[in-house]
>>> print(open('model.txt').read())   # compact mmCIF, N, CA and C atoms
# COMPACT_ATOMS: atom_id res chain seq x y z
N MET G 462 42.72 122.29 63.31
CA MET G 462 41.84 121.15 63.15
C MET G 462 40.44 121.61 62.75
N LEU G 463 39.94 122.65 63.41
CA LEU G 463 38.61 123.15 63.10
C LEU G 463 38.54 123.63 61.64
N PHE G 464 39.60 124.28 61.16
CA PHE G 464 39.65 124.74 59.78
C PHE G 464 39.53 123.56 58.81
N LEU G 465 40.27 122.49 59.08
CA LEU G 465 40.26 121.32 58.22
C LEU G 465 38.88 120.69 58.18
N VAL G 466 38.22 120.57 59.33
CA VAL G 466 36.87 120.00 59.38
C VAL G 466 35.91 120.87 58.58
N GLY G 467 36.01 122.19 58.72
CA GLY G 467 35.15 123.09 57.97
C GLY G 467 35.39 122.99 56.48
N PHE G 468 36.65 122.89 56.08
CA PHE G 468 36.98 122.76 54.67
C PHE G 468 36.44 121.46 54.10
N LEU G 469 36.65 120.38 54.80
CA LEU G 469 36.19 119.08 54.32
C LEU G 469 34.68 119.01 54.25
N SER G 470 33.99 119.68 55.13
CA SER G 470 32.53 119.64 55.11
C SER G 470 31.99 120.40 53.90
N GLN G 471 32.77 121.32 53.34
CA GLN G 471 32.34 122.08 52.17
C GLN G 471 32.67 121.36 50.87
N CYS G 472 33.50 120.34 50.92
CA CYS G 472 33.92 119.65 49.70
C CYS G 472 33.00 118.47 49.45
N ASP G 473 32.02 118.67 48.59
CA ASP G 473 31.19 117.55 48.18
C ASP G 473 31.52 117.21 46.75
N GLU G 474 30.85 116.21 46.18
CA GLU G 474 31.19 115.78 44.83
C GLU G 474 30.99 116.87 43.81
N GLY G 475 30.02 117.75 44.03
CA GLY G 475 29.78 118.83 43.09
C GLY G 475 30.90 119.83 43.05
N MET G 476 31.64 119.97 44.14
CA MET G 476 32.72 120.94 44.18
C MET G 476 34.04 120.34 43.73
N MET G 477 34.20 119.05 43.85
CA MET G 477 35.46 118.40 43.50
C MET G 477 35.44 118.07 42.01
N GLN G 478 36.13 118.83 41.20
CA GLN G 478 36.17 118.60 39.78
C GLN G 478 37.62 118.35 39.37
N GLU G 479 37.77 117.53 38.33
CA GLU G 479 39.11 117.23 37.82
C GLU G 479 39.69 118.48 37.18
N ASP G 480 40.93 118.74 37.44
CA ASP G 480 41.64 119.87 36.85
C ASP G 480 41.78 119.61 35.36
N PRO G 481 41.29 120.53 34.49
CA PRO G 481 41.37 120.28 33.05
C PRO G 481 42.81 120.25 32.52
N GLU G 482 43.75 120.66 33.32
CA GLU G 482 45.16 120.63 32.90
C GLU G 482 45.89 119.40 33.44
N MET G 483 45.19 118.49 34.06
CA MET G 483 45.80 117.27 34.60
C MET G 483 45.41 116.11 33.69
N PHE G 484 46.41 115.38 33.23
CA PHE G 484 46.17 114.24 32.35
C PHE G 484 46.97 113.06 32.86
N PRO G 485 46.47 111.84 32.62
CA PRO G 485 47.26 110.66 32.99
C PRO G 485 48.56 110.61 32.19
N ASP G 486 49.52 109.90 32.72
CA ASP G 486 50.81 109.76 32.03
C ASP G 486 50.74 108.82 30.84
N SER G 487 49.71 107.98 30.80
CA SER G 487 49.54 107.05 29.68
C SER G 487 48.08 106.64 29.61
N ASP G 488 47.76 105.88 28.56
CA ASP G 488 46.40 105.38 28.35
C ASP G 488 45.36 106.49 28.33
N LEU G 489 45.66 107.56 27.60
CA LEU G 489 44.71 108.65 27.49
C LEU G 489 43.54 108.24 26.61
N SER G 490 42.37 108.67 26.99
CA SER G 490 41.16 108.39 26.24
C SER G 490 40.90 109.55 25.28
N PHE G 491 40.61 109.24 24.03
CA PHE G 491 40.29 110.30 23.09
C PHE G 491 39.08 111.08 23.57
N SER G 492 38.01 110.37 23.92
CA SER G 492 36.77 111.06 24.28
C SER G 492 36.87 111.83 25.59
N LEU G 493 37.63 111.33 26.55
CA LEU G 493 37.73 111.99 27.86
C LEU G 493 38.82 113.04 27.94
N HIS G 494 39.92 112.84 27.24
CA HIS G 494 41.08 113.73 27.40
C HIS G 494 41.41 114.57 26.16
N ILE G 495 41.45 113.94 25.00
CA ILE G 495 41.94 114.62 23.79
C ILE G 495 40.85 115.40 23.08
N ARG G 496 39.69 114.80 22.89
CA ARG G 496 38.61 115.51 22.19
C ARG G 496 38.25 116.83 22.87
N PRO G 497 38.17 116.89 24.21
CA PRO G 497 37.88 118.19 24.83
C PRO G 497 38.91 119.27 24.50
N ILE G 498 40.17 118.89 24.34
CA ILE G 498 41.20 119.86 23.94
C ILE G 498 40.88 120.38 22.54
N PHE G 499 40.58 119.48 21.62
CA PHE G 499 40.25 119.89 20.26
C PHE G 499 38.99 120.76 20.24
N LEU G 500 37.98 120.37 21.01
CA LEU G 500 36.74 121.15 21.02
C LEU G 500 36.96 122.55 21.57
N GLN G 501 37.77 122.68 22.59
CA GLN G 501 38.02 124.00 23.19
C GLN G 501 38.93 124.87 22.34
N SER G 502 39.86 124.28 21.63
CA SER G 502 40.89 125.06 20.96
C SER G 502 40.78 125.11 19.44
N CYS G 503 40.09 124.15 18.85
CA CYS G 503 40.12 124.02 17.39
C CYS G 503 38.73 124.01 16.74
N ALA G 504 37.72 123.63 17.50
CA ALA G 504 36.40 123.40 16.91
C ALA G 504 35.27 124.05 17.70
N PHE G 505 35.58 125.04 18.52
CA PHE G 505 34.53 125.65 19.34
C PHE G 505 33.74 126.69 18.56
N SER G 506 32.46 126.76 18.80
CA SER G 506 31.57 127.79 18.24
C SER G 506 31.80 128.03 16.76
N GLY G 507 31.88 126.98 15.99
CA GLY G 507 32.04 127.14 14.56
C GLY G 507 33.41 127.63 14.13
N GLU G 508 34.40 127.45 14.97
CA GLU G 508 35.75 127.88 14.62
C GLU G 508 36.31 127.05 13.48
N CYS G 509 37.57 127.13 13.29
CA CYS G 509 38.26 126.64 12.09
C CYS G 509 37.99 125.18 11.70
N HIS G 510 38.13 124.26 12.62
CA HIS G 510 38.10 122.84 12.26
C HIS G 510 36.80 122.16 12.65
N THR G 511 35.70 122.72 12.17
CA THR G 511 34.38 122.13 12.42
C THR G 511 33.42 122.59 11.34
N GLY G 512 32.26 121.98 11.29
CA GLY G 512 31.22 122.41 10.35
C GLY G 512 31.35 121.78 8.98
N ALA G 513 30.59 122.35 8.04
CA ALA G 513 30.51 121.80 6.68
C ALA G 513 31.80 122.01 5.89
N ALA G 514 32.52 123.07 6.18
CA ALA G 514 33.75 123.35 5.43
C ALA G 514 34.90 123.64 6.39
N PRO G 515 35.36 122.62 7.11
CA PRO G 515 36.44 122.84 8.09
C PRO G 515 37.76 123.20 7.41
N ALA G 516 38.56 123.98 8.09
CA ALA G 516 39.86 124.41 7.55
C ALA G 516 40.71 123.21 7.17
N ASN G 517 41.28 123.29 5.98
CA ASN G 517 42.17 122.26 5.45
C ASN G 517 41.49 120.89 5.37
N GLY G 518 40.15 120.89 5.43
CA GLY G 518 39.41 119.64 5.34
C GLY G 518 39.42 118.82 6.62
N LEU G 519 39.98 119.35 7.69
CA LEU G 519 40.12 118.60 8.95
C LEU G 519 39.03 119.01 9.94
N ASN G 520 38.08 118.10 10.19
CA ASN G 520 36.97 118.37 11.11
C ASN G 520 37.27 117.74 12.47
N LEU G 521 37.65 118.57 13.43
CA LEU G 521 37.95 118.06 14.78
C LEU G 521 36.73 118.14 15.69
N GLY G 522 35.61 118.62 15.17
CA GLY G 522 34.38 118.67 15.95
C GLY G 522 33.62 117.37 15.92
N ASP G 523 33.96 116.49 15.01
CA ASP G 523 33.31 115.20 14.87
C ASP G 523 33.67 114.32 16.07
N PRO G 524 32.70 113.60 16.65
CA PRO G 524 33.02 112.73 17.79
C PRO G 524 34.06 111.67 17.48
N ALA G 525 34.17 111.28 16.21
CA ALA G 525 35.19 110.30 15.80
C ALA G 525 35.83 110.79 14.51
N PRO G 526 36.69 111.81 14.60
CA PRO G 526 37.28 112.36 13.37
C PRO G 526 38.14 111.34 12.64
N THR G 527 38.19 111.49 11.33
CA THR G 527 38.98 110.56 10.52
C THR G 527 40.43 111.01 10.43
N PHE G 528 40.71 112.27 10.74
CA PHE G 528 42.04 112.85 10.63
C PHE G 528 42.56 112.78 9.21
N ILE G 529 41.62 112.83 8.28
CA ILE G 529 41.96 112.94 6.87
C ILE G 529 41.76 114.40 6.51
N SER G 530 42.73 114.99 5.86
CA SER G 530 42.62 116.39 5.46
C SER G 530 43.28 116.59 4.12
N ASN G 531 43.42 117.84 3.76
CA ASN G 531 44.11 118.18 2.51
C ASN G 531 45.62 118.02 2.63
N SER G 532 46.10 117.74 3.81
CA SER G 532 47.54 117.56 4.05
C SER G 532 47.81 116.12 4.47
N PRO G 533 48.93 115.56 4.02
CA PRO G 533 49.26 114.18 4.42
C PRO G 533 49.78 114.12 5.86
N ASN G 534 49.74 112.94 6.41
CA ASN G 534 50.32 112.65 7.73
C ASN G 534 49.76 113.52 8.85
N VAL G 535 48.45 113.76 8.83
CA VAL G 535 47.85 114.54 9.91
C VAL G 535 48.14 113.86 11.23
N ILE G 536 47.85 112.58 11.30
CA ILE G 536 48.19 111.76 12.46
C ILE G 536 48.95 110.54 11.97
N VAL G 537 50.12 110.33 12.52
CA VAL G 537 50.89 109.11 12.26
C VAL G 537 50.90 108.36 13.58
N PRO G 538 50.02 107.35 13.71
CA PRO G 538 49.96 106.62 14.98
C PRO G 538 51.34 106.15 15.42
N PHE G 539 51.59 106.30 16.71
CA PHE G 539 52.84 105.92 17.36
C PHE G 539 54.00 106.88 17.06
N SER G 540 53.71 108.02 16.40
CA SER G 540 54.79 108.96 16.10
C SER G 540 54.28 110.41 16.08
N ALA G 541 54.25 111.02 17.24
CA ALA G 541 53.84 112.42 17.31
C ALA G 541 54.79 113.29 16.50
N SER G 542 56.07 112.98 16.52
CA SER G 542 57.04 113.81 15.82
C SER G 542 56.82 113.83 14.31
N GLN G 543 56.17 112.80 13.74
CA GLN G 543 55.88 112.76 12.31
C GLN G 543 54.45 113.20 12.01
N SER G 544 53.67 113.50 13.02
CA SER G 544 52.27 113.88 12.86
C SER G 544 52.13 115.39 12.69
N LEU G 545 51.59 115.79 11.55
CA LEU G 545 51.42 117.21 11.25
C LEU G 545 50.59 117.90 12.32
N LEU G 546 49.53 117.26 12.78
CA LEU G 546 48.68 117.86 13.81
C LEU G 546 49.50 118.25 15.04
N PHE G 547 50.45 117.43 15.41
CA PHE G 547 51.29 117.74 16.58
C PHE G 547 52.35 118.79 16.24
N GLN G 548 52.97 118.68 15.09
CA GLN G 548 54.03 119.61 14.70
C GLN G 548 53.55 121.06 14.67
N VAL G 549 52.35 121.29 14.12
CA VAL G 549 51.87 122.67 13.98
C VAL G 549 51.43 123.29 15.29
N LEU G 550 51.46 122.53 16.37
CA LEU G 550 51.19 123.12 17.68
C LEU G 550 52.35 123.99 18.14
N PHE G 551 53.50 123.85 17.49
CA PHE G 551 54.71 124.55 17.92
C PHE G 551 55.26 125.54 16.90
N GLU G 552 55.08 125.24 15.61
CA GLU G 552 55.65 126.11 14.58
C GLU G 552 54.95 125.87 13.25
N PRO G 553 55.08 126.82 12.33
CA PRO G 553 54.50 126.61 10.99
C PRO G 553 55.19 125.43 10.30
N VAL G 554 54.40 124.70 9.50
CA VAL G 554 54.93 123.55 8.75
C VAL G 554 54.28 123.57 7.37
N ASN G 555 55.11 123.55 6.34
CA ASN G 555 54.62 123.45 4.95
C ASN G 555 53.45 124.40 4.65
N ASN G 556 53.65 125.66 4.87
CA ASN G 556 52.65 126.70 4.60
C ASN G 556 51.42 126.63 5.50
N ILE G 557 51.49 125.86 6.56
CA ILE G 557 50.40 125.83 7.55
C ILE G 557 50.91 126.56 8.78
N ARG G 558 50.16 127.56 9.19
CA ARG G 558 50.59 128.36 10.33
C ARG G 558 50.51 127.57 11.64
N ARG G 559 51.20 128.09 12.67
CA ARG G 559 51.14 127.48 13.99
C ARG G 559 49.69 127.46 14.45
N MET G 560 49.30 126.40 15.12
CA MET G 560 47.94 126.24 15.60
C MET G 560 47.92 126.21 17.13
N PRO G 561 46.83 126.56 17.75
CA PRO G 561 45.63 127.08 17.10
C PRO G 561 45.88 128.47 16.53
N LEU G 562 45.24 128.71 15.40
CA LEU G 562 45.44 129.96 14.69
C LEU G 562 44.97 131.15 15.52
N ARG G 563 43.81 131.00 16.12
CA ARG G 563 43.27 132.06 16.97
C ARG G 563 43.49 131.66 18.42
N GLY G 564 43.96 132.58 19.20
CA GLY G 564 44.15 132.30 20.61
C GLY G 564 45.57 131.90 20.95
N ALA G 565 45.77 131.63 22.21
CA ALA G 565 47.10 131.30 22.74
C ALA G 565 47.49 129.87 22.37
N SER G 566 48.77 129.62 22.43
CA SER G 566 49.26 128.26 22.24
C SER G 566 48.69 127.35 23.32
N LEU G 567 48.63 126.08 23.03
CA LEU G 567 48.16 125.12 24.03
C LEU G 567 49.19 125.03 25.15
N SER G 568 48.71 124.73 26.33
CA SER G 568 49.59 124.57 27.48
C SER G 568 50.49 123.35 27.29
N THR G 569 51.56 123.31 28.03
CA THR G 569 52.46 122.16 27.99
C THR G 569 51.72 120.88 28.36
N ALA G 570 50.84 120.95 29.34
CA ALA G 570 50.07 119.77 29.76
C ALA G 570 49.23 119.24 28.60
N ARG G 571 48.63 120.13 27.85
CA ARG G 571 47.78 119.71 26.73
C ARG G 571 48.62 119.17 25.57
N THR G 572 49.72 119.82 25.24
CA THR G 572 50.55 119.29 24.15
C THR G 572 51.18 117.96 24.54
N ASP G 573 51.55 117.82 25.81
CA ASP G 573 52.08 116.53 26.28
C ASP G 573 51.02 115.44 26.18
N ALA G 574 49.77 115.78 26.50
CA ALA G 574 48.68 114.80 26.41
C ALA G 574 48.48 114.36 24.96
N ILE G 575 48.47 115.32 24.05
CA ILE G 575 48.32 114.98 22.62
C ILE G 575 49.50 114.13 22.16
N ARG G 576 50.71 114.49 22.56
CA ARG G 576 51.91 113.70 22.20
C ARG G 576 51.76 112.27 22.70
N THR G 577 51.41 112.11 23.94
CA THR G 577 51.26 110.77 24.52
C THR G 577 50.20 109.98 23.79
N TRP G 578 49.05 110.61 23.54
CA TRP G 578 47.95 109.93 22.85
C TRP G 578 48.39 109.44 21.47
N ILE G 579 49.07 110.28 20.71
CA ILE G 579 49.54 109.87 19.38
C ILE G 579 50.60 108.78 19.51
N ASN G 580 51.56 108.96 20.40
CA ASN G 580 52.63 107.97 20.56
C ASN G 580 52.12 106.62 21.04
N GLU G 581 50.95 106.61 21.66
CA GLU G 581 50.35 105.34 22.10
C GLU G 581 49.37 104.78 21.07
N GLY G 582 49.35 105.34 19.88
CA GLY G 582 48.55 104.77 18.80
C GLY G 582 47.39 105.61 18.31
N ALA G 583 47.09 106.72 18.97
CA ALA G 583 46.00 107.63 18.56
C ALA G 583 44.67 106.91 18.40
N LEU G 584 44.33 106.10 19.38
CA LEU G 584 43.08 105.37 19.34
C LEU G 584 41.90 106.29 19.63
N LEU G 585 40.79 106.06 18.95
CA LEU G 585 39.57 106.85 19.15
C LEU G 585 38.66 106.14 20.14
N ASN G 586 39.09 106.08 21.38
CA ASN G 586 38.32 105.39 22.42
C ASN G 586 37.61 106.37 23.33
>>> encode(input="model.txt", output="structure tokens")
Amino acid sequence: MLFLVGFLSQCDEGMMQEDPEMFPDSDLSFSLHIRPIFLQSCAFSGECHTGAAPANGLNLGDPAPTFISNSPNVIVPFSASQSLLFQVLFEPVNNIRRMPLRGASLSTARTDAIRTWINEGALLN
């Protein structure tokens, strides 16, 4: 009991942070859930998909990206399986290498979040 009281007294709002690998099962927010994934994996520190000349014309650093690039079907709302952005998270597609190009593959939690977001319409909320 004493241990629990001591632990709880140390847990204030500053220490309690949401796990970045935890996502809701539905109704994901682009700004709260999906954009941070893109910023960390695709558009950080001037990486591939940001800036004046983003790779393949796709700027994921923009707060409201258009998902228009040099490749068709980057995002097909309501269909992650037809969305190039989702497909290349797992394997090369049409001369586009698996993404992210630099670094490790995205975690299952993150790919599931992107899948859910696209399958629910890919809204920029």
>>> residues_around(input="model.txt", residues="Ala516 of chain G", least_positions_apart="6", cutoff="8 Å", atoms="all atoms listed in the file", output="list in words")
Glu508, Cys509, His510, Ser530 and Asn531 of chain G
>>> axis_aligned_box(input="model.txt", around="segment 551-568 of chain G", padding_each_side="8 Å", output="JSON")
{"center_x": 49.5, "center_y": 128.0, "center_z": 16.0, "size_x": 28.4, "size_y": 25.2, "size_z": 38.9}
>>> residues_around(input="model.txt", residues="Val535 of chain G", least_positions_apart="3", cutoff="6.5 Å", atoms="only N, CA and C atoms", output="list of chain:residue names")
G:Phe528, G:Ser532, G:Gln543, G:Ser544, G:Leu545, G:Leu546, G:Phe547
>>> atom_distance(input="model.txt", atom1="atom CA of Ile498 of chain G", atom2="atom N of Thr572 of chain G")
8.6 Å
>>> residues_around(input="model.txt", residues="segment 550-554 of chain G", least_positions_apart="4", cutoff="12 Å", atoms="only C-alpha atoms", output="ChimeraX atom specification")
/G:499,502-503,532-535,541-546,558-569,571-573,575-576
>>> closest_residue(input="model.txt", among="G:Asn520, G:Asn555, G:Ser540, G:Gln548", to="Leu500 of chain G", atoms="only C-alpha atoms")
G:Asn520
>>> residues_around(input="model.txt", residues="Asp523 of chain G", least_positions_apart="5", cutoff="8 Å", atoms="all atoms listed in the file", output="MDAnalysis selection string")
chainID G and resid 496 504 510:512
>>> select_by_dssp(input="model.txt", residues="chain G", states="alpha helix (DSSP H)", output="ChimeraX atom specification")
/G:463-471,496-502,545-548,569-580
>>> atom_distance(input="model.txt", atom1="atom CA of Asn580 of chain G", atom2="atom CA of Pro485 of chain G")
13.8 Å
>>> atom_distance(input="model.txt", atom1="atom CA of Phe539 of chain G", atom2="atom CA of Ala525 of chain G")
18.3 Å
>>> closest_residue(input="model.txt", among="G:Leu584, G:Ile529, G:Ile557, G:Ile579", to="Ser492 of chain G", atoms="only N, CA and C atoms")
G:Leu584
>>> closest_residue(input="model.txt", among="G:Val549, G:Pro524, G:Ala570, G:Leu519", to="Leu493 of chain G", atoms="only C-alpha atoms")
G:Pro524
